[in-house]
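Student: Take a look at run-v1.csv, CSV, N, CA and C atoms:
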chain,number,residue,atom,x,y,z
Z,1,MET,N,8.7,-9.7,5.1
Z,1,MET,CA,9.7,-8.9,4.6
Z,1,MET,C,11.0,-9.7,4.6
Z,2,ALA,N,11.7,-9.7,3.5
Z,2,ALA,CA,13.0,-10.4,3.4
Z,2,ALA,C,14.1,-9.6,4.0
Z,3,VAL,N,15.0,-10.4,4.7
Z,3,VAL,CA,16.2,-9.7,5.3
Z,3,VAL,C,17.4,-10.3,4.6
Z,4,ARG,N,18.2,-9.4,4.0
Z,4,ARG,CA,19.5,-9.8,3.3
Z,4,ARG,C,20.5,-10.0,4.4
Z,5,LYS,N,21.3,-11.1,4.2
Z,5,LYS,CA,22.3,-11.4,5.1
Z,5,LYS,C,23.4,-12.3,4.5
Z,6,ARG,N,24.5,-12.4,5.2
Z,6,ARG,CA,25.5,-13.4,4.9
Z,6,ARG,C,25.0,-14.7,5.5
Z,7,LEU,N,24.9,-15.8,4.7
Z,7,LEU,CA,24.4,-17.0,5.2
Z,7,LEU,C,25.5,-18.0,5.7
Z,8,TYR,N,26.7,-17.8,5.1
Z,8,TYR,CA,27.8,-18.6,5.5
Z,8,TYR,C,29.1,-17.9,5.1
Z,9,GLY,N,30.2,-18.1,5.9
Z,9,GLY,CA,31.5,-17.7,5.5
Z,9,GLY,C,31.8,-16.3,5.9
Z,10,PRO,N,33.0,-15.9,5.6
Z,10,PRO,CA,34.0,-16.6,4.8
Z,10,PRO,C,34.6,-17.8,5.6
Z,11,ALA,N,34.8,-18.8,4.9
Z,11,ALA,CA,35.3,-20.1,5.4
Z,11,ALA,C,35.9,-20.9,4.3
Z,12,GLN,N,36.8,-21.8,4.7
Z,12,GLN,CA,37.4,-22.8,3.7
Z,12,GLN,C,36.4,-23.9,3.5
Z,13,VAL,N,36.5,-24.5,2.3
Z,13,VAL,CA,35.6,-25.6,2.0
Z,13,VAL,C,36.4,-26.9,2.2
Z,14,ALA,N,35.8,-27.9,2.9
Z,14,ALA,CA,36.4,-29.2,3.1
Z,14,ALA,C,36.1,-30.1,2.0
Z,15,THR,N,36.8,-31.3,2.0
Z,15,THR,CA,36.7,-32.2,0.9
Z,15,THR,C,35.4,-33.1,1.0
Z,16,GLY,N,35.0,-33.4,2.2
Z,16,GLY,CA,33.8,-34.2,2.4
Z,16,GLY,C,32.6,-33.3,2.3
Z,17,PRO,N,31.5,-33.7,1.8
Z,17,PRO,CA,30.2,-32.9,1.8
Z,17,PRO,C,29.9,-32.4,3.2
Z,18,THR,N,29.8,-31.1,3.3
Z,18,THR,CA,29.5,-30.5,4.6
Z,18,THR,C,28.3,-29.6,4.5
Z,19,THR,N,27.4,-29.7,5.5
Z,19,THR,CA,26.3,-28.8,5.5
Z,19,THR,C,26.7,-27.5,6.0
Z,20,VAL,N,26.5,-26.4,5.2
Z,20,VAL,CA,27.0,-25.1,5.6
Z,20,VAL,C,25.9,-24.1,6.0
Z,21,TYR,N,24.6,-24.5,5.6
Z,21,TYR,CA,23.5,-23.7,5.9
Z,21,TYR,C,22.2,-24.5,5.9
Z,22,THR,N,21.4,-24.3,6.9
Z,22,THR,CA,20.1,-24.9,7.0
Z,22,THR,C,19.1,-23.8,7.1
Z,23,VAL,N,18.1,-23.8,6.3
Z,23,VAL,CA,17.0,-22.8,6.4
Z,23,VAL,C,16.3,-23.0,7.7
Z,24,PRO,N,16.2,-21.9,8.5
Z,24,PRO,CA,15.5,-22.0,9.8
Z,24,PRO,C,14.0,-22.3,9.6
Z,25,ALA,N,13.4,-22.8,10.6
Z,25,ALA,CA,11.9,-23.1,10.6
Z,25,ALA,C,11.1,-21.8,10.3
Z,26,SER,N,10.0,-22.0,9.7
Z,26,SER,CA,9.1,-20.9,9.3
Z,26,SER,C,9.8,-19.8,8.4
Z,27,ARG,N,10.8,-20.2,7.7
Z,27,ARG,CA,11.5,-19.3,6.8
Z,27,ARG,C,11.7,-19.9,5.4
Z,28,ARG,N,11.9,-19.0,4.5
Z,28,ARG,CA,12.2,-19.3,3.1
Z,28,ARG,C,13.5,-18.5,2.8
Z,29,ALA,N,14.5,-19.1,2.2
Z,29,ALA,CA,15.7,-18.4,1.9
Z,29,ALA,C,15.9,-18.4,0.4
Z,30,THR,N,16.5,-17.3,-0.1
Z,30,THR,CA,17.0,-17.2,-1.5
Z,30,THR,C,18.5,-17.0,-1.5
Z,31,ILE,N,19.2,-17.9,-2.1
Z,31,ILE,CA,20.6,-17.8,-2.3
Z,31,ILE,C,20.9,-16.8,-3.4
Z,32,ARG,N,21.4,-15.6,-3.1
Z,32,ARG,CA,21.6,-14.5,-4.1
Z,32,ARG,C,23.0,-14.5,-4.6
Z,33,GLY,N,24.0,-15.0,-3.8
Z,33,GLY,CA,25.4,-14.9,-4.3
Z,33,GLY,C,26.2,-16.0,-3.6
Z,34,ILE,N,27.1,-16.6,-4.4
Z,34,ILE,CA,28.1,-17.5,-3.9
Z,34,ILE,C,29.5,-17.0,-4.4
Z,35,HIS,N,30.3,-16.6,-3.5
Z,35,HIS,CA,31.7,-16.1,-3.9
Z,35,HIS,C,32.7,-17.1,-3.5
Z,36,LEU,N,33.5,-17.5,-4.5
Z,36,LEU,CA,34.6,-18.5,-4.2
Z,36,LEU,C,35.9,-17.8,-4.6
Z,37,PHE,N,36.9,-18.2,-3.9
Z,37,PHE,CA,38.3,-17.7,-4.2
Z,37,PHE,C,39.2,-18.9,-4.0
Z,38,ASN,N,40.1,-19.1,-5.0
Z,38,ASN,CA,41.1,-20.2,-5.0
Z,38,ASN,C,42.5,-19.5,-4.9
Z,39,PRO,N,43.1,-19.4,-3.7
Z,39,PRO,CA,44.3,-18.8,-3.5
Z,39,PRO,C,45.5,-19.7,-3.9
Z,40,SER,N,45.3,-20.9,-4.3
Z,40,SER,CA,46.4,-21.8,-4.5
Z,40,SER,C,47.0,-21.7,-5.9
Z,41,ALA,N,48.0,-22.4,-6.2
Z,41,ALA,CA,48.7,-22.4,-7.5
Z,41,ALA,C,48.1,-23.5,-8.4
Z,42,SER,N,47.1,-24.2,-8.0
Z,42,SER,CA,46.5,-25.3,-8.8
Z,42,SER,C,45.0,-25.1,-8.8
Z,43,ALA,N,44.4,-25.6,-9.9
Z,43,ALA,CA,42.9,-25.6,-10.0
Z,43,ALA,C,42.3,-26.5,-8.9
Z,44,VAL,N,41.1,-26.1,-8.3
Z,44,VAL,CA,40.5,-26.9,-7.3
Z,44,VAL,C,39.0,-27.0,-7.7
Z,45,THR,N,38.4,-28.2,-7.6
Z,45,THR,CA,37.0,-28.4,-8.0
Z,45,THR,C,36.1,-28.1,-6.8
Z,46,PHE,N,34.9,-27.7,-7.1
Z,46,PHE,CA,33.9,-27.3,-6.2
Z,46,PHE,C,32.6,-28.0,-6.5
Z,47,THR,N,31.9,-28.5,-5.5
Z,47,THR,CA,30.6,-29.2,-5.6
Z,47,THR,C,29.6,-28.6,-4.6
Z,48,ALA,N,28.4,-28.3,-5.1
Z,48,ALA,CA,27.4,-27.7,-4.2
Z,48,ALA,C,26.1,-28.5,-4.4
Z,49,SER,N,25.3,-28.7,-3.4
Z,49,SER,CA,24.0,-29.4,-3.5
Z,49,SER,C,23.0,-28.7,-2.6
Z,50,ILE,N,21.8,-28.8,-3.0
Z,50,ILE,CA,20.7,-28.4,-2.2
Z,50,ILE,C,20.1,-29.7,-1.7
Z,51,GLY,N,20.4,-30.0,-0.4
Z,51,GLY,CA,20.0,-31.3,0.1
Z,51,GLY,C,21.3,-32.1,0.3
Z,52,ALA,N,21.1,-33.4,0.8
Z,52,ALA,CA,22.3,-34.2,1.0
Z,52,ALA,C,23.0,-34.4,-0.4
Z,53,ASP,N,24.3,-34.4,-0.4
Z,53,ASP,CA,25.0,-34.5,-1.7
Z,53,ASP,C,24.7,-35.8,-2.4
Z,54,ALA,N,24.2,-35.6,-3.7
Z,54,ALA,CA,23.9,-36.8,-4.5
Z,54,ALA,C,23.8,-36.2,-5.9
Z,55,ALA,N,23.9,-37.0,-6.9
Z,55,ALA,CA,23.8,-36.6,-8.3
Z,55,ALA,C,22.5,-35.8,-8.6
Z,56,ALA,N,21.4,-36.2,-8.0
Z,56,ALA,CA,20.1,-35.5,-8.2
Z,56,ALA,C,20.0,-34.2,-7.5
Z,57,THR,N,20.8,-33.9,-6.5
Z,57,THR,CA,20.7,-32.6,-5.8
Z,57,THR,C,21.8,-31.6,-6.1
Z,58,ARG,N,22.7,-32.0,-6.9
Z,58,ARG,CA,23.9,-31.1,-7.2
Z,58,ARG,C,23.4,-29.9,-8.1
Z,59,ILE,N,23.8,-28.7,-7.6
Z,59,ILE,CA,23.6,-27.5,-8.5
Z,59,ILE,C,24.9,-27.1,-9.2
Z,60,TYR,N,26.1,-27.6,-8.6
Z,60,TYR,CA,27.4,-27.5,-9.3
Z,60,TYR,C,28.1,-28.8,-8.9
Z,61,GLY,N,28.6,-29.5,-10.0
Z,61,GLY,CA,29.3,-30.8,-9.7
Z,61,GLY,C,30.7,-30.7,-10.2
Z,62,ALA,N,31.7,-30.8,-9.3
Z,62,ALA,CA,33.1,-30.8,-9.6
Z,62,ALA,C,33.5,-29.7,-10.6
Z,63,TYR,N,32.9,-28.5,-10.4
Z,63,TYR,CA,33.3,-27.3,-11.2
Z,63,TYR,C,34.7,-26.8,-10.9
Z,64,SER,N,35.5,-26.7,-11.8
Z,64,SER,CA,36.9,-26.3,-11.6
Z,64,SER,C,37.1,-24.8,-11.5
Z,65,ILE,N,37.7,-24.4,-10.3
Z,65,ILE,CA,38.0,-23.0,-10.1
Z,65,ILE,C,39.5,-22.8,-10.4
Z,66,PRO,N,39.9,-22.0,-11.4
Z,66,PRO,CA,41.3,-21.9,-11.7
Z,66,PRO,C,42.2,-21.3,-10.6
Z,67,ALA,N,43.5,-21.7,-10.7
Z,67,ALA,CA,44.4,-21.2,-9.7
Z,67,ALA,C,44.4,-19.7,-9.5
Z,68,GLY,N,44.5,-19.2,-8.3
Z,68,GLY,CA,44.6,-17.7,-8.1
Z,68,GLY,C,43.4,-16.9,-8.5
Z,69,SER,N,42.2,-17.6,-8.7
Z,69,SER,CA,41.1,-16.9,-9.2
Z,69,SER,C,39.9,-16.8,-8.3
Z,70,PRO,N,39.1,-15.7,-8.4
Z,70,PRO,CA,37.8,-15.7,-7.8
Z,70,PRO,C,36.7,-16.2,-8.8
Z,71,TYR,N,35.6,-16.6,-8.2
Z,71,TYR,CA,34.5,-17.0,-9.1
Z,71,TYR,C,33.2,-16.7,-8.4
Z,72,ASP,N,32.3,-16.0,-9.1
Z,72,ASP,CA,31.1,-15.5,-8.5
Z,72,ASP,C,29.9,-16.1,-9.2
Z,73,ILE,N,28.9,-16.6,-8.4
Z,73,ILE,CA,27.7,-17.2,-8.9
Z,73,ILE,C,26.5,-16.4,-8.3
Z,74,PHE,N,25.6,-16.0,-9.2
Z,74,PHE,CA,24.4,-15.3,-8.7
Z,74,PHE,C,23.1,-16.1,-9.1
Z,75,PRO,N,22.9,-17.2,-8.3
Z,75,PRO,CA,21.9,-18.2,-8.7
Z,75,PRO,C,20.4,-17.9,-8.5
Z,76,GLY,N,20.0,-17.2,-7.4
Z,76,GLY,CA,18.6,-17.0,-7.1
Z,76,GLY,C,17.9,-18.3,-6.7
Z,77,PHE,N,18.6,-19.3,-6.1
Z,77,PHE,CA,18.0,-20.5,-5.7
Z,77,PHE,C,17.1,-20.3,-4.5
Z,78,ILE,N,15.8,-20.7,-4.5
Z,78,ILE,CA,14.9,-20.6,-3.4
Z,78,ILE,C,15.0,-21.9,-2.6
Z,79,MET,N,15.1,-21.8,-1.3
Z,79,MET,CA,15.1,-23.0,-0.4
Z,79,MET,C,14.1,-22.8,0.7
Z,80,GLU,N,13.4,-23.9,1.0
Z,80,GLU,CA,12.3,-23.9,2.0
Z,80,GLU,C,12.9,-24.3,3.4
Z,81,ALA,N,12.1,-24.1,4.4
Z,81,ALA,CA,12.5,-24.4,5.8
Z,81,ALA,C,13.0,-25.8,5.9
Z,82,ALA,N,14.1,-26.0,6.6
Z,82,ALA,CA,14.8,-27.2,6.9
Z,82,ALA,C,15.7,-27.7,5.7
Z,83,GLU,N,15.6,-27.1,4.5
Z,83,GLU,CA,16.5,-27.6,3.4
Z,83,GLU,C,17.9,-27.1,3.8
Z,84,ILE,N,18.9,-27.9,3.2
Z,84,ILE,CA,20.3,-27.6,3.5
Z,84,ILE,C,21.1,-27.3,2.3
Z,85,LEU,N,22.2,-26.5,2.4
Z,85,LEU,CA,23.1,-26.3,1.4
Z,85,LEU,C,24.4,-27.1,1.8
Z,86,THR,N,24.9,-27.9,0.9
Z,86,THR,CA,26.0,-28.8,1.2
Z,86,THR,C,27.1,-28.4,0.2
Z,87,LEU,N,28.3,-28.3,0.7
Z,87,LEU,CA,29.5,-28.0,-0.1
Z,87,LEU,C,30.6,-29.0,0.0
Z,88,SER,N,31.4,-29.1,-1.0
Z,88,SER,CA,32.7,-29.9,-0.9
Z,88,SER,C,33.7,-29.4,-2.0
Z,89,ALA,N,34.9,-29.7,-1.7
Z,89,ALA,CA,36.0,-29.3,-2.7
Z,89,ALA,C,36.9,-30.5,-3.0
Z,90,GLY,N,37.5,-30.4,-4.1
Z,90,GLY,CA,38.5,-31.5,-4.5
Z,90,GLY,C,39.7,-31.5,-3.7
Z,91,THR,N,40.1,-30.4,-3.1
Z,91,THR,CA,41.3,-30.3,-2.3
Z,91,THR,C,40.8,-29.7,-0.9
Z,92,ASN,N,41.2,-30.3,0.2
Z,92,ASN,CA,40.7,-29.8,1.5
Z,92,ASN,C,41.2,-28.4,1.9
Z,93,ASN,N,40.3,-27.6,2.4
Z,93,ASN,CA,40.6,-26.3,3.0
Z,93,ASN,C,41.5,-25.4,2.1
Z,94,ILE,N,41.2,-25.3,0.9
Z,94,ILE,CA,41.9,-24.4,0.0
Z,94,ILE,C,40.9,-23.3,-0.5
Z,95,LEU,N,39.8,-23.7,-1.1
Z,95,LEU,CA,38.8,-22.7,-1.5
Z,95,LEU,C,38.2,-21.9,-0.4
Z,96,VAL,N,38.0,-20.6,-0.5
Z,96,VAL,CA,37.3,-19.8,0.5
Z,96,VAL,C,36.0,-19.4,-0.2
Z,97,ILE,N,34.9,-19.5,0.7
Z,97,ILE,CA,33.6,-19.3,0.2
Z,97,ILE,C,32.8,-18.3,1.1
Z,98,VAL,N,32.0,-17.5,0.5
Z,98,VAL,CA,31.0,-16.7,1.2
Z,98,VAL,C,29.6,-16.9,0.4
Z,99,VAL,N,28.6,-17.2,1.2
Z,99,VAL,CA,27.3,-17.4,0.6
Z,99,VAL,C,26.4,-16.3,1.2
Z,100,SER,N,25.7,-15.5,0.3
Z,100,SER,CA,24.8,-14.5,0.8
Z,100,SER,C,23.4,-14.7,0.2
Z,101,GLY,N,22.5,-14.1,0.9
Z,101,GLY,CA,21.1,-14.2,0.4
Z,101,GLY,C,20.1,-13.5,1.3
Z,102,GLU,N,18.9,-14.0,1.2
Z,102,GLU,CA,17.8,-13.4,2.0
Z,102,GLU,C,17.0,-14.5,2.7
Z,103,GLU,N,16.5,-14.1,3.8
Z,103,GLU,CA,15.5,-15.0,4.5
Z,103,GLU,C,14.2,-14.2,4.8
Z,104,GLU,N,13.1,-14.9,4.6
Z,104,GLU,CA,11.8,-14.3,4.9
Z,104,GLU,C,10.9,-15.2,5.7
Z,105,ILE,N,10.1,-14.7,6.5
Z,105,ILE,CA,9.2,-15.5,7.4
Z,105,ILE,C,8.0,-16.0,6.5
Z,106,THR,N,7.7,-17.3,6.7
Z,106,THR,CA,6.7,-17.9,5.8
Z,106,THR,C,5.5,-18.4,6.6
Z,107,VAL,N,5.3,-17.9,7.8
Z,107,VAL,CA,4.3,-18.5,8.8
Z,107,VAL,C,3.0,-18.8,8.1
Represent the structure of the file as structure tokens.

Tutor:
Amino acid sequence: MAVRKRLYGPAQVATGPTTVYTVPASRRATIRGIHLFNPSASAVTFTASIGADAAATRIYGAYSIPAGSPYDIFPGFIMEAAEILTLSAGTNNILVIVVSGEEEITV
């Protein structure tokens, strides 16, 4: 049975790739929603990867979030035990993010 929960946040996104969620052992996770908010007066870019940040693992690469705007993503990405979600932003500690989804036991 899947349990819906907040997987990360609310928190600000750093500039360096940062692991914000690791799927626990014996679990499968589905990322159902990523909510971003840019409270600044300038656009800020956002990058997300499943796995260590690299061109081949990016699900969003330097995507620009307009000034003063929210942005919602409903991806449905499935992640297996020990996989990580990595985030970074073009400007340090401006974007606010919340990641929600489901975890289920896969024994």

Student: Point out the residue among Z:Ile65, Z:Val96, Z:Glu102, Z:Phe37 with the least atom-to-atom distance to Z:Pro10, counting all atoms listed in the file.

Tutor: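 Of Z:Ile65, Z:Val96, Z:Glu102, Z:Phe37, the one nearest Z:Pro10 is Z:Val96, counting all atoms listed in the file.
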
Student: What's the 6.5 Å shell around Z:Pro17, counting all atoms listed in the file, without same-chain residues fewer than 4 positions away, as a list in words?

Tutor: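 Once the nearby chain positions are removed, what remains is Asp53, Thr86, Leu87, Ser88 and Ala89 of chain Z.
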
Student: Quote the spacing between atom N of Z:Thr30 and atom N of Z:Val99 in Å to one decimal place.

Tutor: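 According to the coordinates, atom N of Z:Thr30 and atom N of Z:Val99 are separated by 12.2 Å.
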
Student: One decimal, Å: what's the distance from atom CA of Z:Gly68 over to atom CA of Z:Ile94, could you say?

Tutor: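 Straight-line distance from atom CA of Z:Gly68 to atom CA of Z:Ile94 works out to 10.9 Å.
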
Student: Quick check for you: according to DSSP on this backbone, which residues of stretch 8-82 of chain Z are classed as strand (DSSP E or B)? Reply as a PyMOL selection string.

Tutor: chain Z and resi 8-12+18-22+27-38+44-50+58-65+69-73+77-80

Student: Please indicate the distance in Å from atom CA of Z:Thr22 to atom CA of Z:Thr91, rounded to one decimal place.

Tutor: 23.8 Å

Student: Just the residues within 9 Å of Z:Leu85, please, counting only C-alpha atoms, with nothing from its chain fewer than 6 positions along; format it as an mmCIF file with N, CA and C atoms, keeping the file's coordinate frame.

Tutor:
data_model
loop_
_atom_site.group_PDB
_atom_site.id
_atom_site.type_symbol
_atom_site.label_atom_id
_atom_site.label_comp_id
_atom_site.auth_asym_id
_atom_site.auth_seq_id
_atom_site.Cartn_x
_atom_site.Cartn_y
_atom_site.Cartn_z
ATOM 1 N N THR Z 18 29.800 -31.100 3.300
ATOM 2 C CA THR Z 18 29.500 -30.500 4.600
ATOM 3 C C THR Z 18 28.300 -29.600 4.500
ATOM 4 N N THR Z 19 27.400 -29.700 5.500
ATOM 5 C CA THR Z 19 26.300 -28.800 5.500
ATOM 6 C C THR Z 19 26.700 -27.500 6.000
ATOM 7 N N VAL Z 20 26.500 -26.400 5.200
ATOM 8 C CA VAL Z 20 27.000 -25.100 5.600
ATOM 9 C C VAL Z 20 25.900 -24.100 6.000
ATOM 10 N N TYR Z 21 24.600 -24.500 5.600
ATOM 11 C CA TYR Z 21 23.500 -23.700 5.900
ATOM 12 C C TYR Z 21 22.200 -24.500 5.900
ATOM 13 N N THR Z 22 21.400 -24.300 6.900
ATOM 14 C CA THR Z 22 20.100 -24.900 7.000
ATOM 15 C C THR Z 22 19.100 -23.800 7.100
ATOM 16 N N VAL Z 23 18.100 -23.800 6.300
ATOM 17 C CA VAL Z 23 17.000 -22.800 6.400
ATOM 18 C C VAL Z 23 16.300 -23.000 7.700
ATOM 19 N N ALA Z 48 28.400 -28.300 -5.100
ATOM 20 C CA ALA Z 48 27.400 -27.700 -4.200
ATOM 21 C C ALA Z 48 26.100 -28.500 -4.400
ATOM 22 N N SER Z 49 25.300 -28.700 -3.400
ATOM 23 C CA SER Z 49 24.000 -29.400 -3.500
ATOM 24 C C SER Z 49 23.000 -28.700 -2.600
ATOM 25 N N ILE Z 50 21.800 -28.800 -3.000
ATOM 26 C CA ILE Z 50 20.700 -28.400 -2.200
ATOM 27 C C ILE Z 50 20.100 -29.700 -1.700
ATOM 28 N N GLY Z 51 20.400 -30.000 -0.400
ATOM 29 C CA GLY Z 51 20.000 -31.300 0.100
ATOM 30 C C GLY Z 51 21.300 -32.100 0.300
ATOM 31 N N ALA Z 52 21.100 -33.400 0.800
ATOM 32 C CA ALA Z 52 22.300 -34.200 1.000
ATOM 33 C C ALA Z 52 23.000 -34.400 -0.400
ATOM 34 N N ASP Z 53 24.300 -34.400 -0.400
ATOM 35 C CA ASP Z 53 25.000 -34.500 -1.700
ATOM 36 C C ASP Z 53 24.700 -35.800 -2.400
ATOM 37 N N MET Z 79 15.100 -21.800 -1.300
ATOM 38 C CA MET Z 79 15.100 -23.000 -0.400
ATOM 39 C C MET Z 79 14.100 -22.800 0.700
#

Student: Pick the closest to Z:Lys5 from Z:Ala29, Z:Glu103, Z:Phe74, Z:Leu36: which is it, counting only N, CA and C atoms?

Tutor: Z:Glu103

Student: May I have the residues within 6.5 Å of Z:Ile73 as a compact mmCIF listing (two decimals) with N, CA and C atoms, in the frame of the given file, using only N, CA and C atoms and disregarding those fewer than 6 positions away in the same chain?

Tutor:
# COMPACT_ATOMS: atom_id res chain seq x y z
N ARG Z 32 21.40 -15.60 -3.10
CA ARG Z 32 21.60 -14.50 -4.10
C ARG Z 32 23.00 -14.50 -4.60
N GLY Z 33 24.00 -15.00 -3.80
CA GLY Z 33 25.40 -14.90 -4.30
C GLY Z 33 26.20 -16.00 -3.60
N ILE Z 34 27.10 -16.60 -4.40
CA ILE Z 34 28.10 -17.50 -3.90
C ILE Z 34 29.50 -17.00 -4.40
N HIS Z 35 30.30 -16.60 -3.50
CA HIS Z 35 31.70 -16.10 -3.90
C HIS Z 35 32.70 -17.10 -3.50
N LEU Z 36 33.50 -17.50 -4.50
CA LEU Z 36 34.60 -18.50 -4.20
C LEU Z 36 35.90 -17.80 -4.60

Student: Near Z:Ala41, counting only N, CA and C atoms, which residues have an atom at most 7 Å away, once you skip same-chain residues fewer than 3 positions from it, shown as a PyMOL selection string?

Tutor: chain Z and resi 38+66-68

Student: Keeping only N, CA and C atoms, write those residues as a short mmCIF file (atom, residue, chain, number, x, y, z; two decimals), keeping the file's coordinate frame.

Tutor:
data_model
loop_
_atom_site.label_atom_id
_atom_site.label_comp_id
_atom_site.auth_asym_id
_atom_site.auth_seq_id
_atom_site.Cartn_x
_atom_site.Cartn_y
_atom_site.Cartn_z
N ASN Z 38 40.10 -19.10 -5.00
CA ASN Z 38 41.10 -20.20 -5.00
C ASN Z 38 42.50 -19.50 -4.90
N PRO Z 66 39.90 -22.00 -11.40
CA PRO Z 66 41.30 -21.90 -11.70
C PRO Z 66 42.20 -21.30 -10.60
N ALA Z 67 43.50 -21.70 -10.70
CA ALA Z 67 44.40 -21.20 -9.70
C ALA Z 67 44.40 -19.70 -9.50
N GLY Z 68 44.50 -19.20 -8.30
CA GLY Z 68 44.60 -17.70 -8.10
C GLY Z 68 43.40 -16.90 -8.50
#

Student: Please list, as a ChimeraX atom specification, the residues that have an atom at most 8 Å away from (45.2, -27.1, -0.3) in the coordinates of this file, counting all atoms listed in the file.

Tutor: /Z:40,90-95
